[in-house]
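The structure appears right after this line, and notes come after that.
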Amino acid sequence: MTESAVLPVTRRVWPRAAWLITATGWGANQFSPLLGAYRREMGLSAATVTGLFAIYIVGLVPGLLLGGPGADRFGRRPVVLGAVVLSVLATGALLLGEVGVPWLGVGRFGSGFAMGAVLAAGSAWVKELSHPPHDDAAEGTGARRASLFLSAGFGIGGLVAALIAQWAPLDVAYLPHLVLSAVVLVAALKVPETAPRVVPGKRVTGIRDPRFRRTVVPVAPWVFAAPATGFAVLPSVVESRLGEAETVFAGVAIAVVLGAGLLIQPVGRQLAARAVVLPALIGLAAIGTGMLLGLAAAVSAQPAVALLADAVLGCGYGLCVTFGLTEIARIAPPEGLARLASVWWALTYVGFCAPYVFALLTQVTTPPVILGSAAGLAFLTGAGVALRHRTAPS
C-alpha cells in the first residue's frame, strides 16, 4: 500500500496521544497549589510538606529511566497508556490523603512515576504521529505539539485544583483529573503504535552528539527551574499581602507561568526558523529577566509584580522546552528517540530543586540576593550556549 493511500486514513490521530500527556501533566501538578491548604487543614509540618513535594521527584526518576528504554523496546503505546492508568491510581491515593499522610506519599510517588514514563514515551509518540504516514507536519512540529499539551496539563490542572480547593473540600479538587483521564484513555485506545523496530544490540541514542552536550544539556535545568521558581518560590515572597487568597494565588501563578509558556510557542517556531539555537538564547534571557522581576517582587512584596515575573519566566520555560525537544528529535535516531528524551527530561527536572536550594540559601542570605544571583547564572548560561553552539558541528 502506498503512503498516499495510508495518509488520509490515519492522519491527525496525534491529538489523542497528546491528550494523554495533558492528562498525566494535570495529575502531576494538581497537588502543588494545595500544599498550603494541606498544611493548614492537617497541621502538616514544613518538613512533611517539603517531603511530599520531593517524593514526586523520587518517583519521576525511575519512571524516566524505565519509560524511555521501555518505549523503545516495547512500544510507545503500552508505556503511555499504562502510565495514564497509574496516574489515575495515584490520584485515587491522593483522595485518601485526609485519612492519612502515607496515602499522600503514595499518590505523589505514583504521579511522579507516571509523569516520568509519559515524558519520554509520550513526546516520542506525538513526534512520530506528526509525520508520515500519520501526518505531514513540518519538522519540529511534533516536539512543539508535545510541549504545548504538556504545558496545558501542568497549568490548567494546577489552576483548576486551586480554584476548587479554595471553596470546596480538598478531595473534590481531584475529580476533574479522573474524568479527563477516563475520557482520553478511551479516545486513545485505537491510536496506532509508531515505535521503529529495534535492532538487537543496537543502543545508539545520540547522547554523545556534540550538539547535545554543548547546547542541550546546559539549557535543560533551566526548563523547570523557571516555572518552579515562579509557582513555588515567588508566592512565598509576597505571602504577607495574600491573606486567605494563598491557595488561589498559587493556582493563578501556575496558570500564568505555564500559560505564558503555551502562548510563546509560535514565537519559538519563528525564532527557530531563523536559527536553531535562538529559542534557547531568548529563553534564557527571559528567565534571567524573570528572576530580576522576582527580585523586585521580593523587595516590594507586591503580588502583581510576582505575577509579571511569572509571565516572563513562563516565556523562558516555553522557549527552552521547545528548543530541547526539537533538538533531541533532530539528534536521536528513531530507535533511540525515547531513550534520549528520558535523559533530556531527567536533566530538566534538576531544575525542580530550585525551591529547595532557595529555602536552604535563605538561611544565609536574603531572597533578593538569591534571585539576583539566579538571574546572573541564567544570563551566563545563555552566553555560554551561544559560544559553544558556534563550535558544535551542525
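Just remember, in the C-alpha cells the first chain shown is A, the second B, etc., residues are 1-based per chain, and ligands are 1-based in the order shown.
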- Item | Residues near Ala188 (chain A), cut-off 12 Å, only C-alpha atoms, skip fewer than 2 positions along chain, as a list in words | Val13, Trp14, Pro15, Arg16, Ala17, Ala18, Trp19, Leu20, Ile21, Ala23, Arg77, Pro78, Val80, Leu81, Gly82, Val84, Trp125, Ser181, Ala182, Val183, Val184, Leu185, Val186, Lys190, Val191, Pro192 and Glu193 of chain A
Within 12 Å of region 138-150 of chain A: each region 247-270 of chain A residue with its shortest pair, only C-alpha atoms, as a tab-separated table:
```
residue	atom	partner	partner_atom	distance
A:Leu258	CA	A:Leu150	CA	9.4
A:Gly259	CA	A:Leu148	CA	9.6
A:Ala260	CA	A:Leu148	CA	10.7
A:Gly261	CA	A:Leu148	CA	8.0
A:Leu262	CA	A:Leu148	CA	5.6
A:Leu263	CA	A:Leu148	CA	8.8
A:Ile264	CA	A:Leu148	CA	9.8
A:Gln265	CA	A:Arg144	CA	7.2
A:Pro266	CA	A:Arg144	CA	9.1
A:Val267	CA	A:Arg144	CA	11.3
A:Gly268	CA	A:Arg144	CA	9.0
A:Arg269	CA	A:Arg144	CA	8.3
A:Gln270	CA	A:Gly140	CA	11.6
```
Produce a file of the selected residues containing N, CA, C and O atoms, as an mmCIF file, in the first residue's frame.
```
data_model
loop_
_atom_site.group_PDB
_atom_site.id
_atom_site.type_symbol
_atom_site.label_atom_id
_atom_site.label_comp_id
_atom_site.auth_asym_id
_atom_site.auth_seq_id
_atom_site.Cartn_x
_atom_site.Cartn_y
_atom_site.Cartn_z
ATOM 1 N N LEU A 258 2.666 28.739 33.106
ATOM 2 C CA LEU A 258 2.544 27.758 32.040
ATOM 3 C C LEU A 258 1.682 28.272 30.893
ATOM 4 O O LEU A 258 1.862 27.859 29.743
ATOM 5 N N GLY A 259 0.764 29.200 31.178
ATOM 6 C CA GLY A 259 0.019 29.832 30.093
ATOM 7 C C GLY A 259 0.931 30.647 29.200
ATOM 8 O O GLY A 259 0.816 30.614 27.965
ATOM 9 N N ALA A 260 1.853 31.364 29.814
ATOM 10 C CA ALA A 260 2.827 32.114 29.016
ATOM 11 C C ALA A 260 3.692 31.164 28.194
ATOM 12 O O ALA A 260 4.044 31.447 27.043
ATOM 13 N N GLY A 261 4.034 30.010 28.795
ATOM 14 C CA GLY A 261 4.798 29.018 28.056
ATOM 15 C C GLY A 261 4.055 28.493 26.846
ATOM 16 O O GLY A 261 4.664 28.196 25.816
ATOM 17 N N LEU A 262 2.748 28.375 26.950
ATOM 18 C CA LEU A 262 1.924 27.974 25.814
ATOM 19 C C LEU A 262 1.876 29.055 24.736
ATOM 20 O O LEU A 262 2.080 28.790 23.550
ATOM 21 N N LEU A 263 1.616 30.266 25.143
ATOM 22 C CA LEU A 263 1.409 31.357 24.183
ATOM 23 C C LEU A 263 2.680 31.731 23.432
ATOM 24 O O LEU A 263 2.596 32.277 22.326
ATOM 25 N N ILE A 264 3.831 31.440 24.003
ATOM 26 C CA ILE A 264 5.090 31.838 23.366
ATOM 27 C C ILE A 264 5.504 30.844 22.280
ATOM 28 O O ILE A 264 6.450 31.122 21.513
ATOM 29 N N GLN A 265 4.810 29.719 22.162
ATOM 30 C CA GLN A 265 5.215 28.688 21.210
ATOM 31 C C GLN A 265 5.318 29.183 19.762
ATOM 32 O O GLN A 265 6.298 28.871 19.072
ATOM 33 N N PRO A 266 4.347 29.948 19.251
ATOM 34 C CA PRO A 266 4.505 30.434 17.868
ATOM 35 C C PRO A 266 5.740 31.301 17.679
ATOM 36 O O PRO A 266 6.384 31.255 16.624
ATOM 37 N N VAL A 267 6.086 32.078 18.695
ATOM 38 C CA VAL A 267 7.299 32.885 18.619
ATOM 39 C C VAL A 267 8.524 31.980 18.563
ATOM 40 O O VAL A 267 9.471 32.232 17.803
ATOM 41 N N GLY A 268 8.507 30.916 19.353
ATOM 42 C CA GLY A 268 9.609 29.965 19.327
ATOM 43 C C GLY A 268 9.794 29.353 17.952
ATOM 44 O O GLY A 268 10.932 29.155 17.499
ATOM 45 N N ARG A 269 8.700 29.050 17.279
ATOM 46 C CA ARG A 269 8.776 28.489 15.923
ATOM 47 C C ARG A 269 9.417 29.479 14.959
ATOM 48 O O ARG A 269 10.259 29.114 14.135
ATOM 49 N N GLN A 270 9.053 30.743 15.074
ATOM 50 C CA GLN A 270 9.636 31.768 14.199
ATOM 51 C C GLN A 270 11.119 31.967 14.502
ATOM 52 O O GLN A 270 11.929 32.125 13.584
#
```
Sorted by chain and rising residue number, which residues of region 242-348 of chain A lie within 8 Å of region 217-227 of chain A, and what are their closest atom pairs and distances in Å to one decimal, counting only C-alpha atoms, as CSV?
```
residue,atom,partner,partner_atom,distance
A:Ile254,CA,A:Pro227,CA,7.6
A:Val257,CA,A:Pro227,CA,6.0
A:Leu258,CA,A:Pro227,CA,7.4
A:Ala280,CA,A:Val219,CA,7.0
A:Leu284,CA,A:Trp222,CA,7.6
A:Ile287,CA,A:Ala226,CA,6.3
A:Asp310,CA,A:Pro227,CA,7.4
A:Leu313,CA,A:Ala226,CA,5.4
A:Gly314,CA,A:Pro227,CA,6.2
A:Gly316,CA,A:Ala226,CA,7.2
A:Tyr317,CA,A:Val223,CA,5.1
A:Gly318,CA,A:Val223,CA,7.9
A:Cys320,CA,A:Val223,CA,5.8
A:Val321,CA,A:Val223,CA,5.8
A:Gly324,CA,A:Ala220,CA,7.1
A:Trp344,CA,A:Ala220,CA,6.8
A:Trp345,CA,A:Ala220,CA,7.7
A:Leu347,CA,A:Ala220,CA,5.6
A:Thr348,CA,A:Pro221,CA,4.3
```
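Candidate residues A:Gly68, A:Ala28, A:Glu41, A:Leu178 were compared for distance to Ala346 (chain A), and the nearest is A:Gly68, using only C-alpha atoms.
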- In Å, with one decimal, what is the gap from CA of Leu271 (chain A) to CA of Ala311 (chain A)? 19.0 Å
- Message: Give me the residues near region 296-300 of chain A as a ChimeraX atom specification, where near means some atom within 7 Å (using only C-alpha atoms) and where sequence neighbours in that chain fewer than 3 positions away do not count.
- Response: /A:237-238,292-293,305-306,367-368
- Please, what distance in Å, to one decimal, runs between CA of Leu60 (chain A) and CA of Leu96 (chain A)? 21.1 Å
